[in-house]
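Next comes target_2.txt, with compact mmCIF, C-alpha atoms and all ligand atoms.
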```
# COMPACT_ATOMS: atom_id res chain seq x y z
CA MET A 9 41.20 -7.16 -16.99
CA GLU A 10 41.88 -6.19 -13.37
CA GLN A 11 40.14 -2.91 -14.13
CA LEU A 12 37.15 -4.87 -15.33
CA LEU A 13 37.01 -6.66 -11.98
CA GLU A 14 37.02 -3.29 -10.24
CA LEU A 15 34.22 -2.13 -12.51
CA GLN A 16 32.30 -5.29 -11.68
CA ARG A 17 32.71 -4.54 -7.99
CA VAL A 18 31.23 -1.04 -8.46
CA ASP A 19 28.44 -2.30 -10.73
CA SER A 20 27.51 -4.96 -8.19
CA ARG A 21 27.43 -2.30 -5.49
CA LEU A 22 25.14 -0.17 -7.67
CA ASP A 23 22.86 -3.17 -8.22
CA ARG A 24 22.72 -3.78 -4.47
CA LEU A 25 21.97 -0.12 -3.81
CA ALA A 26 19.16 -0.11 -6.37
CA SER A 27 17.69 -3.18 -4.71
CA GLN A 28 18.03 -1.59 -1.27
CA ARG A 29 16.24 1.48 -2.59
CA ARG A 30 13.35 -0.59 -3.94
CA ASN A 31 13.06 -2.89 -0.94
CA ALA A 32 13.67 -0.50 1.94
CA PRO A 33 11.34 -1.61 4.76
CA GLU A 34 10.47 2.08 5.27
CA HIS A 35 8.32 1.78 2.10
CA ASP A 36 6.09 -0.75 3.88
CA VAL A 37 5.89 1.32 7.06
CA LEU A 38 4.81 4.36 5.06
CA ARG A 39 2.30 2.33 3.04
CA ALA A 40 0.74 0.96 6.24
CA ALA A 41 0.61 4.40 7.89
CA SER A 42 -0.95 5.98 4.80
CA GLU A 43 -3.47 3.14 4.59
CA THR A 44 -4.46 3.79 8.22
CA VAL A 45 -5.06 7.47 7.43
CA ALA A 46 -7.03 6.61 4.29
CA GLN A 47 -9.21 4.11 6.15
CA ALA A 48 -9.96 6.66 8.87
CA THR A 49 -11.04 9.13 6.18
CA LYS A 50 -13.28 6.50 4.62
CA ARG A 51 -14.75 5.65 8.02
CA ARG A 52 -15.45 9.31 8.72
CA GLU A 53 -17.15 9.79 5.34
CA ALA A 54 -19.24 6.65 5.75
CA GLY A 55 -20.19 7.75 9.29
CA GLN A 56 -21.20 11.22 8.09
CA ALA A 57 -23.28 9.71 5.32
CA ARG A 58 -25.02 7.36 7.74
CA LEU A 59 -25.67 10.19 10.21
CA GLY A 60 -27.29 12.19 7.41
CA GLU A 61 -29.36 9.19 6.37
CA LEU A 62 -30.58 8.74 9.95
CA ASP A 63 -31.45 12.45 10.20
CA ALA A 64 -33.57 12.11 7.08
CA ARG A 65 -35.28 8.96 8.39
CA ILE A 66 -36.05 10.64 11.72
CA ALA A 67 -37.49 13.69 9.94
CA GLU A 68 -39.68 11.44 7.73
CA ASP A 69 -40.95 9.51 10.73
CA GLU A 70 -41.74 12.70 12.61
CA GLU A 71 -43.63 14.05 9.63
CA GLU A 72 -45.67 10.87 9.39
CA SER A 73 -46.26 10.99 13.14
CA THR A 74 -47.62 14.54 12.87
CA ARG A 75 -49.92 13.53 10.01
CA LEU A 76 -51.20 10.61 12.07
CA SER A 77 -51.85 12.86 15.07
CA THR A 78 -53.96 15.18 12.96
CA ALA A 79 -55.88 12.23 11.53
CA ARG A 80 -56.40 10.81 15.03
CA THR A 81 -57.82 14.11 16.32
CA ARG A 82 -60.17 14.22 13.37
CA LEU A 83 -61.32 10.61 13.93
CA GLN A 84 -61.93 11.26 17.64
CA GLY A 85 -64.08 14.26 16.71
CA GLN A 86 -66.12 12.03 14.37
CA LEU A 87 -66.38 9.36 17.05
CA ARG A 88 -68.16 11.82 19.37
CA THR A 89 -70.83 12.53 16.73
CA VAL A 90 -71.60 9.05 15.30
CA ILE A 91 -74.58 7.11 16.59
CA ALA A 92 -74.49 3.84 14.62
CA PRO A 93 -72.45 1.24 16.57
CA ARG A 94 -70.90 -0.23 13.42
CA GLU A 95 -69.63 3.19 12.35
CA ALA A 96 -68.23 3.82 15.84
CA GLU A 97 -66.49 0.46 15.77
CA ALA A 98 -64.93 1.23 12.40
CA LEU A 99 -63.67 4.59 13.67
CA MET A 100 -62.22 3.00 16.82
CA HIS A 101 -60.48 0.43 14.70
CA GLU A 102 -58.91 3.17 12.59
CA ILE A 103 -57.73 4.95 15.73
CA GLN A 104 -56.15 1.73 17.01
CA THR A 105 -54.35 1.25 13.71
CA ILE A 106 -52.99 4.79 13.96
CA ASP A 107 -51.83 4.21 17.53
CA ALA A 108 -50.05 0.99 16.54
CA ARG A 109 -48.28 2.77 13.68
CA ARG A 110 -47.28 5.66 15.95
CA ASN A 111 -45.76 3.19 18.41
CA GLU A 112 -43.81 1.65 15.55
CA LEU A 113 -42.55 5.06 14.51
CA ASP A 114 -41.54 5.93 18.07
CA ASP A 115 -39.58 2.68 18.38
CA ALA A 116 -37.88 3.28 15.05
CA GLU A 117 -36.94 6.81 16.05
CA LEU A 118 -35.46 5.58 19.31
CA GLY A 119 -33.39 3.03 17.38
CA HIS A 120 -32.17 5.70 14.98
CA LEU A 121 -31.26 8.07 17.79
CA GLU A 122 -29.34 5.30 19.54
CA GLU A 123 -27.43 4.47 16.36
CA GLN A 124 -26.60 8.14 15.91
CA GLU A 125 -25.28 8.29 19.44
CA HIS A 126 -23.00 5.28 18.88
CA LEU A 127 -21.79 6.64 15.57
CA ALA A 128 -21.03 10.04 17.05
CA ALA A 129 -19.10 8.44 19.92
CA ALA A 130 -17.06 6.28 17.53
CA GLN A 131 -16.37 9.30 15.34
CA SER A 132 -15.21 11.30 18.31
CA VAL A 133 -12.74 8.57 19.30
CA ASP A 134 -11.55 8.31 15.69
CA GLU A 135 -11.11 12.06 15.55
CA ASP A 136 -9.04 12.07 18.75
CA ASP A 137 -6.73 9.50 17.12
CA GLY A 138 -6.40 11.65 13.99
CA PRO A 139 -3.31 13.66 14.98
CA GLY A 140 -1.50 10.47 16.03
CA ARG A 141 -2.31 8.82 12.71
CA ASN A 142 -1.15 11.84 10.72
CA GLN A 143 1.99 12.13 12.80
CA ALA A 144 2.83 8.46 12.21
CA ALA A 145 2.38 8.92 8.46
CA ALA A 146 4.56 12.05 8.44
CA ALA A 147 7.24 10.29 10.49
CA ALA A 148 7.17 7.30 8.13
CA GLN A 149 7.55 9.61 5.14
CA HIS A 150 10.41 11.39 6.85
CA ALA A 151 12.17 8.10 7.67
CA LEU A 152 11.78 6.88 4.10
CA ASP A 153 13.07 10.16 2.68
CA ALA A 154 16.15 9.96 4.93
CA VAL A 155 16.91 6.37 3.96
CA LEU A 156 16.47 7.10 0.25
CA ALA A 157 18.61 10.24 0.45
CA ASP A 158 21.39 8.22 2.06
CA ILE A 159 21.15 5.50 -0.60
CA ASP A 160 21.07 8.15 -3.34
CA ASP A 161 24.28 9.69 -1.99
CA GLN A 162 25.93 6.28 -2.18
CA ILE A 163 24.54 5.73 -5.67
CA ALA A 164 25.91 9.10 -6.81
CA ALA A 165 29.38 8.29 -5.47
CA ALA A 166 29.37 4.80 -6.99
CA THR A 167 28.11 6.11 -10.32
CA HIS A 168 30.93 8.62 -10.40
CA GLU A 169 33.43 5.85 -9.70
CA ARG A 170 31.85 3.62 -12.33
CA ASP A 171 32.06 6.34 -14.98
CA GLU A 172 35.73 6.85 -14.22
CA ARG A 173 36.50 3.15 -14.40
CA ARG A 174 34.56 2.71 -17.63
CA SER A 175 36.57 5.47 -19.29
CA GLU A 176 39.71 3.40 -18.71
CA ILE A 177 38.39 0.24 -20.37
CA ALA A 178 38.28 -0.50 -24.09
CA PRO A 179 34.75 0.00 -25.53
CA ALA A 180 34.65 -3.44 -27.18
CA LEU A 181 35.49 -5.14 -23.88
CA LEU A 182 32.91 -3.02 -22.09
CA THR A 183 30.24 -4.07 -24.57
CA ARG A 184 31.10 -7.73 -24.06
CA TYR A 185 31.11 -7.31 -20.31
CA GLU A 186 27.73 -5.52 -20.32
CA ARG A 187 26.16 -8.21 -22.50
CA LEU A 188 27.37 -10.95 -20.16
CA ARG A 189 26.25 -8.97 -17.14
CA ALA A 190 22.76 -8.60 -18.60
CA SER A 191 22.38 -12.32 -19.25
CA LEU A 192 24.23 -13.68 -16.20
CA GLY A 193 22.57 -12.05 -13.22
CA GLY A 194 24.66 -8.89 -13.18
CA VAL A 195 28.06 -10.58 -13.08
CA GLY A 196 29.98 -10.43 -16.33
CA VAL A 197 33.53 -10.98 -15.16
CA ALA A 198 34.96 -13.44 -12.65
CA LYS A 199 38.29 -14.31 -11.16
CA LEU A 200 40.04 -17.61 -11.38
CA GLU A 201 40.75 -18.63 -7.79
CA GLY A 202 42.87 -21.72 -7.82
CA ARG A 203 40.89 -23.98 -10.12
CA GLN A 204 37.57 -22.33 -9.39
CA CYS A 205 35.71 -19.60 -11.30
CA SER A 206 34.45 -17.00 -8.80
CA GLY A 207 31.42 -16.40 -11.06
CA CYS A 208 29.89 -19.87 -11.27
CA HIS A 209 31.98 -21.52 -8.51
CA LEU A 210 32.67 -24.52 -10.72
CA GLU A 211 36.13 -25.99 -10.99
CA LEU A 212 37.93 -26.08 -14.29
CA SER A 213 39.25 -29.46 -15.41
CA PRO A 214 43.05 -29.81 -15.59
CA GLY A 215 42.79 -29.62 -19.38
CA GLU A 216 40.68 -26.45 -19.27
CA LEU A 217 43.03 -24.96 -16.69
CA ASP A 218 46.05 -25.65 -18.90
CA GLU A 219 44.30 -24.08 -21.85
CA VAL A 220 43.30 -20.96 -19.90
CA LYS A 221 46.81 -20.54 -18.54
CA SER A 222 48.58 -21.16 -21.81
CA VAL A 223 47.06 -18.21 -23.65
CA ASP A 224 48.74 -14.84 -23.76
CA PRO A 225 48.37 -13.03 -20.36
CA ASP A 226 46.82 -10.04 -22.08
CA ALA A 227 44.34 -12.11 -24.08
CA ILE A 228 40.75 -12.30 -22.96
CA VAL A 229 39.52 -15.72 -21.89
CA GLU A 230 36.12 -16.97 -20.84
CA CYS A 231 35.14 -19.45 -18.16
CA PRO A 232 34.40 -22.69 -20.07
CA GLN A 233 31.47 -23.36 -17.70
CA CYS A 234 29.60 -20.03 -17.45
CA SER A 235 31.33 -18.08 -20.26
CA ARG A 236 32.03 -15.09 -18.02
CA LEU A 237 35.19 -13.17 -18.76
CA LEU A 238 37.86 -14.75 -16.61
CA VAL A 239 40.64 -12.84 -14.89
CA ARG A 240 43.68 -15.01 -14.16
ZN ZN A 301 32.45 -19.61 -14.45
```
Would it be possible to restate this file's structure as structure tokens?
Ligand SMILES: [Zn+2]
Amino acid sequence: MEQLLELQRVDSRLDRLASQRRNAPEHDVLRAASETVAQATKRREAGQARLGELDARIAEDEEESTRLSTARTRLQGQLRTVIAPREAEALMHEIQTIDARRNELDDAELGHLEEQEHLAAAQSVDEDDGPGRNQAAAAAQHALDAVLADIDDQIAAATHERDERRSEIAPALLTRYERLRASLGGVGVAKLEGRQCSGCHLELSPGELDEVKSVDPDAIVECPQCSRLLVR
């Protein structure tokens, strides 16, 4: 039964190590650093896409502007040859419409160029930060690897110790212990300390205490409160 307590100690250590492995804060640091890198990549892609879109818009506007210039030249030629005032008025109106549209296009192009400038500046800053971001992610990965390697070493040593201890315990008792461990939060065996069970921390009544103490020292008893195996 004392051996079972030793096994419990090792099993509890293994449980703690597994939890440490899962919950190492280095996981969060790495996740955050990787997220920062991923977001920068997304930003760069979105920026490139928008720059391309603006290029296309500028090209379209310039094409329209060229078409309008040609039309305007043609209309001005016609204006010099018409005699009827109403016809001249109509032509002048058309020219005004073209001029208004060309102004619109010029304003739009200016806006697009300005947006491109801002985007390019932001991208350049983002790019400068790139090495720092990548370095932080690599350092976070490195730190996590080191922590996990250390925990894994401890797990390997504890597992070796557990295997040795298990080989010294009767299989039937092991099975009972494992079943209790699975259903009672990882603790299948407890020690009687005075009147208290170290598993559930409840005190045994004088009657229960008498009963536990009266049985054969080699017999296996359970805590009457939590039913863990009880070492006296
Ligand atoms: Zn108990």
Extract, using all atoms listed in the file, all DNA, RNA and protein residues at most 10 Å from segment 81-88 of chain A, discarding same-chain residues fewer than 4 positions from it, and format them as a ChimeraX atom specification. /A:76-77,95-100,102-103
Long-range neighbours of Val220 of chain A as a ChimeraX atom specification, 12 Å cut-off, all atoms listed in the file, 2 positions minimum in chain: /A:200,203,205,212-218,222-232,237-240
Using all atoms listed in the file, what are the residues with an atom within 7 Å of ligand ZN 301 (chain A), set out as a list of chain:residue names? A:Ala198, A:Cys205, A:Ser206, A:Gly207, A:Cys208, A:His209, A:Leu210, A:Cys231, A:Pro232, A:Gln233, A:Cys234, A:Ser235, A:Arg236
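Distances from A:Ala166, A:Val197, A:Ala54, A:Ala67 to Val18 of chain A were compared using only C-alpha atoms, and the smallest one belongs to A:Ala166.
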Neighbourhood query: residues within 10 Å of (6.9, 1.7, 7.5), file coordinates, counting all atoms listed in the file; return as a ChimeraX atom specification. /A:32-42,144-145,147-149,151-152
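Going from atom CA of Arg30 of chain A to atom CA of Ala157 of chain A covers 12.8 Å.
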Counting only C-alpha atoms, which residues sit no farther than 6 Å from the position (-2.7, 12.9, 10.6) in the file's frame? I'd like them as an MDAnalysis selection string. chainID A and resid 138:139 141:143
As a compact mmCIF listing (two decimals), in the coordinates of the input, the rebuilt segment 101-135 of chain A with N, CA and C atoms:
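Final file, rebuild33.txt:
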```txt
# COMPACT_ATOMS: atom_id res chain seq x y z
N HIS A 101 -61.50 1.29 15.31
CA HIS A 101 -60.48 0.43 14.70
C HIS A 101 -59.40 1.27 13.99
N GLU A 102 -59.86 2.28 13.30
CA GLU A 102 -58.91 3.17 12.59
C GLU A 102 -57.96 3.85 13.58
N ILE A 103 -58.55 4.28 14.71
CA ILE A 103 -57.73 4.95 15.73
C ILE A 103 -56.68 3.98 16.29
N GLN A 104 -57.10 2.74 16.49
CA GLN A 104 -56.15 1.73 17.01
C GLN A 104 -55.00 1.50 16.02
N THR A 105 -55.38 1.45 14.74
CA THR A 105 -54.35 1.25 13.71
C THR A 105 -53.34 2.39 13.75
N ILE A 106 -53.87 3.61 13.89
CA ILE A 106 -52.99 4.79 13.96
C ILE A 106 -52.07 4.69 15.18
N ASP A 107 -52.64 4.30 16.31
CA ASP A 107 -51.83 4.21 17.53
C ASP A 107 -50.71 3.18 17.37
N ALA A 108 -51.06 2.03 16.74
CA ALA A 108 -50.05 0.99 16.54
C ALA A 108 -48.92 1.52 15.66
N ARG A 109 -49.28 2.23 14.60
CA ARG A 109 -48.28 2.77 13.68
C ARG A 109 -47.43 3.83 14.39
N ARG A 110 -48.06 4.64 15.24
CA ARG A 110 -47.28 5.66 15.95
C ARG A 110 -46.29 5.02 16.91
N ASN A 111 -46.70 3.92 17.54
CA ASN A 111 -45.76 3.19 18.41
C ASN A 111 -44.56 2.68 17.62
N GLU A 112 -44.88 2.15 16.44
CA GLU A 112 -43.81 1.65 15.55
C GLU A 112 -42.82 2.77 15.23
N LEU A 113 -43.41 3.93 14.88
CA LEU A 113 -42.55 5.06 14.51
C LEU A 113 -41.70 5.52 15.69
N ASP A 114 -42.29 5.53 16.88
CA ASP A 114 -41.54 5.93 18.07
C ASP A 114 -40.37 4.98 18.31
N ASP A 115 -40.65 3.66 18.18
CA ASP A 115 -39.58 2.68 18.38
C ASP A 115 -38.46 2.88 17.37
N ALA A 116 -38.88 3.10 16.11
CA ALA A 116 -37.88 3.28 15.05
C ALA A 116 -37.03 4.51 15.34
N GLU A 117 -37.68 5.58 15.77
CA GLU A 117 -36.94 6.81 16.05
C GLU A 117 -35.94 6.59 17.19
N LEU A 118 -36.37 5.87 18.20
CA LEU A 118 -35.46 5.58 19.31
C LEU A 118 -34.23 4.83 18.81
N GLY A 119 -34.49 3.82 17.95
CA GLY A 119 -33.39 3.03 17.38
C GLY A 119 -32.44 3.91 16.59
N HIS A 120 -33.01 4.81 15.80
CA HIS A 120 -32.17 5.70 14.98
C HIS A 120 -31.36 6.64 15.85
N LEU A 121 -31.98 7.15 16.89
CA LEU A 121 -31.26 8.07 17.79
C LEU A 121 -30.10 7.34 18.49
N GLU A 122 -30.38 6.09 18.88
CA GLU A 122 -29.34 5.30 19.54
C GLU A 122 -28.16 5.06 18.59
N GLU A 123 -28.50 4.71 17.34
CA GLU A 123 -27.43 4.47 16.36
C GLU A 123 -26.61 5.75 16.14
N GLN A 124 -27.30 6.86 16.09
CA GLN A 124 -26.60 8.14 15.91
C GLN A 124 -25.63 8.40 17.06
N GLU A 125 -26.11 8.07 18.26
CA GLU A 125 -25.28 8.29 19.44
C GLU A 125 -23.99 7.46 19.36
N HIS A 126 -24.17 6.17 19.01
CA HIS A 126 -23.00 5.28 18.88
C HIS A 126 -22.04 5.77 17.82
N LEU A 127 -22.62 6.15 16.68
CA LEU A 127 -21.79 6.64 15.57
C LEU A 127 -21.00 7.87 15.98
N ALA A 128 -21.68 8.80 16.64
CA ALA A 128 -21.03 10.04 17.05
C ALA A 128 -19.90 9.75 18.03
N ALA A 129 -20.14 8.79 18.94
CA ALA A 129 -19.10 8.44 19.92
C ALA A 129 -17.89 7.84 19.21
N ALA A 130 -18.15 6.92 18.27
CA ALA A 130 -17.06 6.28 17.53
C ALA A 130 -16.29 7.32 16.73
N GLN A 131 -17.03 8.27 16.14
CA GLN A 131 -16.37 9.30 15.34
C GLN A 131 -15.49 10.19 16.21
N SER A 132 -15.98 10.44 17.41
CA SER A 132 -15.21 11.30 18.31
C SER A 132 -13.89 10.63 18.69
N VAL A 133 -13.96 9.31 18.97
CA VAL A 133 -12.74 8.57 19.30
C VAL A 133 -11.78 8.59 18.10
N ASP A 134 -12.35 8.33 16.92
CA ASP A 134 -11.55 8.31 15.69
C ASP A 134 -10.88 9.66 15.46
N GLU A 135 -11.63 10.72 15.76
CA GLU A 135 -11.11 12.06 15.55
C GLU A 135 -9.95 12.35 16.51
```
